[in-house]
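Peer 1: One file: upload-v1.txt (compact mmCIF, C-alpha atoms).
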# COMPACT_ATOMS: atom_id res chain seq x y z
CA MET A 1 -19.71 14.71 4.15
CA ASN A 2 -16.70 14.61 6.48
CA THR A 3 -14.54 11.49 6.47
CA LEU A 4 -12.10 9.93 8.90
CA ALA A 5 -9.29 8.17 7.00
CA ILE A 6 -6.95 5.63 8.63
CA ASP A 7 -3.81 4.04 7.17
CA ILE A 8 -2.40 1.13 9.22
CA GLY A 9 1.06 0.05 8.09
CA GLY A 10 3.90 -2.11 9.34
CA THR A 11 6.10 0.67 10.73
CA LYS A 12 3.64 3.53 11.19
CA PHE A 13 0.00 4.46 11.12
CA SER A 14 -1.55 7.69 9.86
CA MET A 15 -4.93 9.34 10.23
CA ALA A 16 -6.61 12.24 8.49
CA ALA A 17 -9.93 14.04 8.74
CA PHE A 18 -11.39 15.31 5.47
CA ALA A 19 -13.90 18.13 5.37
CA GLY A 20 -15.60 17.41 2.07
CA GLY A 21 -12.71 16.91 -0.33
CA GLN A 22 -10.08 18.79 1.68
CA MET A 23 -7.69 17.34 4.26
CA ALA A 24 -8.38 19.26 7.47
CA ARG A 25 -6.36 17.24 10.02
CA ARG A 26 -3.51 14.77 9.77
CA GLU A 27 -1.38 12.81 12.22
CA SER A 28 1.16 10.02 11.87
CA ARG A 29 2.92 7.90 14.50
CA ALA A 30 5.49 5.12 14.47
CA THR A 31 4.14 1.67 15.29
CA ASP A 32 4.92 0.29 18.74
CA ARG A 33 5.57 -3.35 17.87
CA GLN A 34 5.63 -4.37 21.52
CA GLY A 35 2.29 -2.69 22.17
CA GLY A 36 0.79 -4.43 19.14
CA ARG A 37 -2.81 -4.13 18.06
CA ASP A 38 -4.23 -2.86 21.33
CA TRP A 39 -1.71 -0.03 21.58
CA MET A 40 -2.50 1.10 18.05
CA LEU A 41 -6.26 0.94 18.52
CA ALA A 42 -5.95 3.03 21.68
CA ARG A 43 -3.95 5.69 19.82
CA ILE A 44 -6.46 5.70 16.96
CA GLU A 45 -9.33 6.16 19.40
CA GLU A 46 -7.50 8.93 21.27
CA THR A 47 -6.78 10.88 18.09
CA GLY A 48 -10.20 10.38 16.51
CA ARG A 49 -12.10 11.42 19.64
CA ALA A 50 -9.98 14.56 19.98
CA TRP A 51 -10.81 15.54 16.41
CA MET A 52 -14.50 14.81 16.89
CA ARG A 53 -14.65 17.41 19.65
CA ASP A 54 -14.00 20.06 16.99
CA MET A 55 -15.70 18.66 13.90
CA THR A 56 -18.48 16.29 12.93
CA LEU A 57 -17.42 13.14 11.11
CA HIS A 58 -19.89 11.12 9.05
CA ARG A 59 -18.00 8.02 7.86
CA CYS A 60 -14.64 6.25 8.01
CA GLY A 61 -12.39 4.53 5.47
CA ILE A 62 -9.43 2.30 6.39
CA GLY A 63 -6.43 0.97 4.47
CA PHE A 64 -4.83 -1.96 6.29
CA GLY A 65 -1.28 -3.17 5.63
CA GLY A 66 -2.03 -6.83 5.01
CA PRO A 67 -4.56 -9.10 3.31
CA VAL A 68 -8.18 -8.12 3.91
CA LEU A 69 -11.26 -10.25 3.29
CA PHE A 70 -13.22 -7.45 1.70
CA ASP A 71 -16.58 -9.20 1.43
CA ARG A 72 -16.44 -10.08 5.15
CA GLN A 73 -14.76 -6.79 6.15
CA ARG A 74 -12.20 -8.61 8.28
CA VAL A 75 -8.43 -8.50 8.45
CA ALA A 76 -7.02 -11.81 7.21
CA LEU A 77 -3.58 -11.35 8.81
CA SER A 78 -0.51 -9.17 9.10
CA THR A 79 2.91 -10.74 8.61
CA HIS A 80 4.63 -7.67 10.10
CA VAL A 81 2.67 -6.87 13.29
CA GLY A 82 1.01 -9.46 15.53
CA GLY A 83 -2.55 -9.58 16.83
CA TRP A 84 -4.50 -8.80 13.67
CA SER A 85 -5.33 -12.26 12.30
CA ASP A 86 -9.06 -12.69 11.60
CA PHE A 87 -9.79 -9.40 13.39
CA ASP A 88 -13.04 -7.51 12.83
CA LEU A 89 -11.36 -4.11 12.49
CA THR A 90 -14.29 -2.55 10.67
CA GLN A 91 -16.74 -3.29 13.47
CA CYS A 92 -14.20 -2.27 16.11
CA VAL A 93 -13.64 1.18 14.59
CA SER A 94 -17.33 1.63 13.79
CA SER A 95 -18.21 1.00 17.45
CA MET A 96 -15.33 3.19 18.63
CA PHE A 97 -16.55 6.30 16.81
CA GLY A 98 -20.17 5.54 15.96
CA LEU A 99 -19.39 5.86 12.25
CA PRO A 100 -20.19 3.61 9.27
CA THR A 101 -16.79 2.16 8.37
CA VAL A 102 -15.30 0.33 5.40
CA MET A 103 -11.85 -1.25 5.01
CA ASP A 104 -9.63 -2.64 2.28
CA ASN A 105 -6.01 -3.69 1.83
CA ASP A 106 -3.75 -0.62 1.87
CA ALA A 107 -2.43 -1.22 -1.66
CA ASN A 108 -5.98 -1.31 -3.04
CA VAL A 109 -6.75 1.88 -1.15
CA GLY A 110 -3.49 3.46 -2.34
CA ALA A 111 -4.49 2.63 -5.92
CA LEU A 112 -7.72 4.55 -5.38
CA GLY A 113 -5.85 7.51 -3.93
CA GLU A 114 -3.27 7.76 -6.71
CA GLY A 115 -5.82 6.92 -9.41
CA ARG A 116 -8.27 9.63 -8.35
CA HIS A 117 -5.96 12.31 -6.95
CA GLY A 118 -2.34 11.48 -7.77
CA ALA A 119 0.10 10.15 -10.33
CA GLY A 120 -2.34 7.59 -11.76
CA GLN A 121 -4.98 10.05 -12.95
CA GLY A 122 -6.01 9.20 -16.51
CA ALA A 123 -4.29 5.78 -16.48
CA ASP A 124 -6.69 2.86 -16.94
CA PRO A 125 -5.96 0.18 -15.98
CA LEU A 126 -3.61 1.30 -13.24
CA PHE A 127 -1.33 -0.87 -11.14
CA TYR A 128 -0.26 0.64 -7.82
CA MET A 129 2.54 -0.93 -5.81
CA THR A 130 3.51 -0.02 -2.28
CA LEU A 131 7.24 -0.54 -1.75
CA SER A 132 7.85 -0.10 1.94
CA THR A 133 8.08 -2.38 5.00
CA GLY A 134 6.40 -4.98 2.78
CA ILE A 135 5.23 -5.02 -0.83
CA GLY A 136 1.62 -4.98 -1.95
CA GLY A 137 -0.27 -4.23 -5.14
CA GLY A 138 -3.62 -2.81 -6.14
CA ILE A 139 -5.38 -2.91 -9.52
CA LEU A 140 -7.69 -0.11 -10.62
CA ALA A 141 -9.75 -0.75 -13.77
CA ASN A 142 -12.71 1.23 -15.06
CA GLY A 143 -12.39 3.39 -11.97
CA ARG A 144 -12.89 0.52 -9.52
CA VAL A 145 -10.64 -1.79 -7.52
CA HIS A 146 -10.27 -5.28 -8.98
CA ARG A 147 -10.12 -7.59 -5.95
CA GLY A 148 -10.45 -10.99 -7.60
CA ALA A 149 -12.63 -13.88 -6.46
CA ASP A 150 -11.31 -13.98 -2.88
CA SER A 151 -9.94 -10.45 -2.23
CA TYR A 152 -6.36 -11.49 -3.07
CA ALA A 153 -5.87 -9.91 -6.50
CA GLY A 154 -2.77 -7.74 -6.74
CA GLU A 155 -0.72 -9.54 -4.05
CA ILE A 156 2.46 -9.10 -6.04
CA GLY A 157 4.63 -9.28 -2.92
CA HIS A 158 4.38 -13.05 -2.82
CA LEU A 159 5.23 -13.84 -6.40
CA THR A 160 8.28 -16.10 -6.41
CA ILE A 161 11.11 -14.38 -8.26
CA ARG A 162 14.04 -16.44 -6.88
CA PRO A 163 12.94 -20.08 -6.34
CA ASP A 164 16.19 -20.89 -4.51
CA GLY A 165 16.12 -17.66 -2.55
CA PRO A 166 15.86 -17.11 1.20
CA GLU A 167 12.72 -17.92 3.18
CA CYS A 168 9.99 -15.30 3.35
CA LEU A 169 7.80 -14.63 6.39
CA CYS A 170 4.99 -16.36 4.46
CA GLY A 171 6.97 -19.62 4.46
CA ALA A 172 7.83 -19.69 0.75
CA ARG A 173 11.26 -18.95 -0.70
CA GLY A 174 12.41 -16.09 -2.87
CA CYS A 175 9.21 -14.02 -2.72
CA TYR A 176 9.30 -10.57 -4.30
CA GLU A 177 8.73 -9.08 -0.85
CA ARG A 178 11.55 -11.16 0.66
CA MET A 179 13.99 -9.91 -1.95
CA CYS A 180 12.94 -6.27 -2.25
CA CYS A 181 10.98 -4.88 0.73
CA GLY A 182 12.36 -2.49 3.34
CA LEU A 183 12.10 -4.92 6.24
CA TRP A 184 14.39 -7.48 4.57
CA LEU A 185 16.73 -4.96 2.96
CA GLU A 186 17.60 -3.64 6.40
CA ARG A 187 17.95 -7.12 7.92
CA ASP A 188 20.08 -8.41 5.05
CA HIS A 189 22.31 -5.36 4.58
CA GLY A 190 22.35 -3.69 7.98
CA LYS A 191 21.12 -0.29 6.78
CA PRO A 192 17.68 1.25 6.27
CA ALA A 193 16.46 1.02 2.69
CA ILE A 194 16.52 4.79 2.18
CA GLU A 195 20.27 4.77 2.94
CA LEU A 196 20.88 1.84 0.60
CA MET A 197 19.13 3.77 -2.19
CA ARG A 198 21.88 6.40 -2.02
CA ASP A 199 24.42 3.81 -3.20
CA ALA A 200 24.22 3.72 -7.01
CA ALA A 201 26.02 0.38 -7.23
CA PHE A 202 23.58 -1.18 -4.78
CA VAL A 203 20.59 0.25 -6.67
CA ASP A 204 21.88 -1.20 -9.95
CA ARG A 205 21.85 -4.65 -8.33
CA TYR A 206 18.56 -4.10 -6.51
CA VAL A 207 16.55 -3.09 -9.60
CA VAL A 208 17.29 -6.44 -11.26
CA ASP A 209 15.00 -8.16 -8.75
CA LEU A 210 12.61 -5.24 -8.58
CA ALA A 211 12.12 -5.39 -12.37
CA LEU A 212 11.38 -9.13 -12.26
CA GLY A 213 8.19 -8.57 -10.27
CA LEU A 214 7.12 -5.62 -12.38
CA LYS A 215 7.73 -7.58 -15.58
CA ALA A 216 5.15 -10.12 -14.39
CA CYS A 217 2.74 -7.24 -13.77
CA VAL A 218 3.33 -5.73 -17.23
CA MET A 219 2.97 -9.02 -19.09
CA LEU A 220 -0.09 -10.18 -17.15
CA LEU A 221 -2.06 -6.93 -16.75
CA ASN A 222 -0.69 -4.60 -19.46
CA PRO A 223 -1.41 -1.56 -17.25
CA ALA A 224 -1.49 1.92 -18.72
CA ALA A 225 0.82 2.95 -15.88
CA ILE A 226 2.49 1.57 -12.78
CA VAL A 227 2.62 3.91 -9.79
CA ILE A 228 4.97 3.05 -6.95
CA GLY A 229 4.50 4.51 -3.48
CA GLY A 230 5.86 3.76 -0.03
CA GLY A 231 9.04 4.76 1.76
CA ILE A 232 11.51 3.26 -0.72
CA ALA A 233 9.89 5.16 -3.61
CA LYS A 234 11.00 8.40 -1.92
CA ALA A 235 14.44 7.72 -3.40
CA GLY A 236 13.04 9.32 -6.56
CA GLU A 237 15.03 9.18 -9.77
CA ARG A 238 17.98 7.51 -8.03
CA LEU A 239 15.69 4.48 -8.04
CA PHE A 240 13.27 5.12 -10.90
CA ALA A 241 15.78 5.88 -13.65
CA PRO A 242 17.70 2.58 -13.31
CA LEU A 243 14.46 0.70 -12.66
CA ARG A 244 12.90 1.91 -15.92
CA ALA A 245 16.08 1.00 -17.81
CA GLU A 246 16.21 -2.50 -16.30
CA LEU A 247 12.51 -3.11 -16.87
CA GLY A 248 12.85 -1.98 -20.47
CA ARG A 249 15.66 -4.51 -20.98
CA SER A 250 13.74 -7.33 -19.32
CA ILE A 251 10.38 -6.99 -21.10
CA THR A 252 9.82 -9.71 -23.69
CA ALA A 253 11.28 -8.54 -27.00
CA TRP A 254 8.10 -8.83 -29.09
CA SER A 255 5.90 -7.17 -26.49
CA ARG A 256 4.52 -3.74 -27.30
CA ALA A 257 3.20 -3.32 -23.76
CA ARG A 258 3.98 0.13 -22.45
CA VAL A 259 6.49 0.59 -19.63
CA ASP A 260 5.29 3.67 -17.77
CA VAL A 261 6.56 3.57 -14.18
CA ARG A 262 5.88 6.63 -12.01
CA PRO A 263 6.51 7.59 -8.39
CA ALA A 264 3.41 8.23 -6.31
CA ALA A 265 2.45 11.91 -6.31
CA LEU A 266 0.77 11.91 -2.90
CA GLY A 267 3.78 10.70 -0.92
CA ASP A 268 2.78 9.28 2.44
CA ASP A 269 -0.85 10.25 1.87
CA SER A 270 -1.82 7.94 -1.00
CA VAL A 271 -3.73 5.60 1.30
CA LEU A 272 -5.39 8.44 3.23
CA TRP A 273 -6.78 9.95 0.01
CA GLY A 274 -7.76 6.47 -1.11
CA ALA A 275 -9.61 5.88 2.18
CA LEU A 276 -11.60 9.03 1.46
CA GLU A 277 -12.53 7.61 -1.95
CA LEU A 278 -13.28 4.15 -0.57
CA ALA A 279 -15.73 5.59 1.94
CA ALA A 280 -17.35 7.79 -0.70
CA MET A 281 -17.77 4.85 -3.09
CA GLU A 282 -19.29 2.69 -0.36
CA TRP A 283 -21.99 5.17 0.60
CA ASN A 284 -22.59 6.91 -2.71
CA SER A 285 -23.12 3.69 -4.69
Do you think you could lay out the structure here as structure tokens?
Peer 2:
Amino acid sequence: MNTLAIDIGGTKFSMAAFAGGQMARRESRATDRQGGRDWMLARIEETGRAWMRDMTLHRCGIGFGGPVLFDRQRVALSTHVGGWSDFDLTQCVSSMFGLPTVMDNDANVGALGEGRHGAGQGADPLFYMTLSTGIGGGILANGRVHRGADSYAGEIGHLTIRPDGPECLCGARGCYERMCCGLWLERDHGKPAIELMRDAAFVDRYVVDLALGLKACVMLLNPAAIVIGGGIAKAGERLFAPLRAELGRSITAWSRARVDVRPAALGDDSVLWGALELAAMEWNS
């Protein structure tokens, strides 16, 4: 079975075509915020149709960068790019290519990718966090995504870590995402996050907030491992070494919960590999 995989994020979108279990094609483009949803859908259609001239595709999996109502297969909203609220993306893409299509939140899909093919292999339960334009989380337990009662499990980005902090795009104050994601780091400090991560003094301050959110994850879920993907995670040990140290200091003294924090092994492709798995699970179950 050949699979079309789509990863829709806040600053870029990526697509891949898998022939069986191998990635045969891949393309990534920056998001045109002015063009919005319609621009992105047109680029997705253009790329997918070009690929389908050379290979047969049988199904499609999508990871979307925002809350998804999984049982209804609809986008709930995107706080970073307009035009997606209550959008039937699954039906749109299915009609576009004539393929059965399934969608989930990109962090859930990233958890599948890293859990099956990347740094989370053998870790159960696994918590995957995307640390990029925004912050999202996905929980993988017994090999399956835990979505909760209403598809909102894992939304770590909107935990409040600083009650008196600045206002988040969601309307609350001091959200984890507001304090730690790439969008706000650049707005608050005037430099892209990847540049800020080169400043050891800045990182030492940054990981204090970053560890607060992960402490909540460790104490609530007791995951076997936490895998962090997304653009900021590309800082590697410049980020992960001080983060592990700060998290170790912050964990409740009597807790014996493990603190195993790993960078994603699949880089920018965690969600694409997860979309392959999501599609396979949907039609092999």
Peer 1: What lies within 7 Å of range 95-108 of chain A using all atoms listed in the file, ignoring chain neighbours under 3 positions off, as number ranges by chain?
Peer 2: A: 45, 58-68, 70, 73, 90-92, 111-112, 128-130, 136-139, 145, 271, 279
Peer 1: Check the smallest atom-to-atom distance from each of A:Ala76, A:Leu4, A:Val259, A:Leu276 to Ser151 in chain A using only C-alpha atoms, then report the winner.
Peer 2: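 When distances to Ser151 in chain A are compared using only C-alpha atoms, the smallest one comes from A:Ala76.
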Peer 1: Using all atoms listed in the file, which residue out of A:Glu46, A:Asp32, A:Glu27, A:Glu237 lies closest to Thr11 in chain A?
Peer 2: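 For Thr11 in chain A, the nearest of the given residues is A:Asp32.
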Peer 1: Nearest to Gly10 in chain A: which of A:His158, A:Arg262, A:Arg25, A:Arg33 is it, counting only C-alpha atoms?
Peer 2: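 Of the candidates, the smallest distance to Gly10 in chain A is held by A:Arg33.
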Peer 1: Separation of CA of Asp124 in chain A and CA of Trp283 in chain A, in Å?
Peer 2: 23.4 Å
Peer 1: With all atoms listed in the file as the basis for distance, which of A:Val75, A:Lys234, A:Val203, A:Ser14 is at the shortest distance from Asp88 in chain A?
Peer 2: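 Among A:Val75, A:Lys234, A:Val203, A:Ser14, it is A:Val75 that comes nearest to Asp88 in chain A.
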Peer 1: What is the CA of Gly248 in chain A to CA of Val208 in chain A distance in Å?
Peer 2: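 Taking CA of Gly248 in chain A as the start and CA of Val208 in chain A as the end point, the length is 11.2 Å.
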Peer 1: Point out the residue among A:Ala265, A:Leu185, A:Ala253, A:Leu210 with the least atom-to-atom distance to Arg162 in chain A, counting all atoms listed in the file.
Peer 2: A:Leu210
Peer 1: Could you tell me which of A:Phe127, A:Ala216, A:Tyr206, A:Ile8 comes closest to His146 in chain A if we count only C-alpha atoms?
Peer 2: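 Using only C-alpha atoms, His146 in chain A sits closest to A:Phe127.
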Peer 1: Between CA of Gly157 in chain A and CA of Cys181 in chain A, what is the distance in Å, rounded to a tenth?
Peer 2: 8.5 Å
Peer 1: Show me the residues close to (-4.5, 15.5, -0.1) - anything with an atom within 12 Å, counting only C-alpha atoms - and format the list as a PyMOL selection string.
Peer 2: chain A and resi 5+16-26+113-114+116-118+265-277
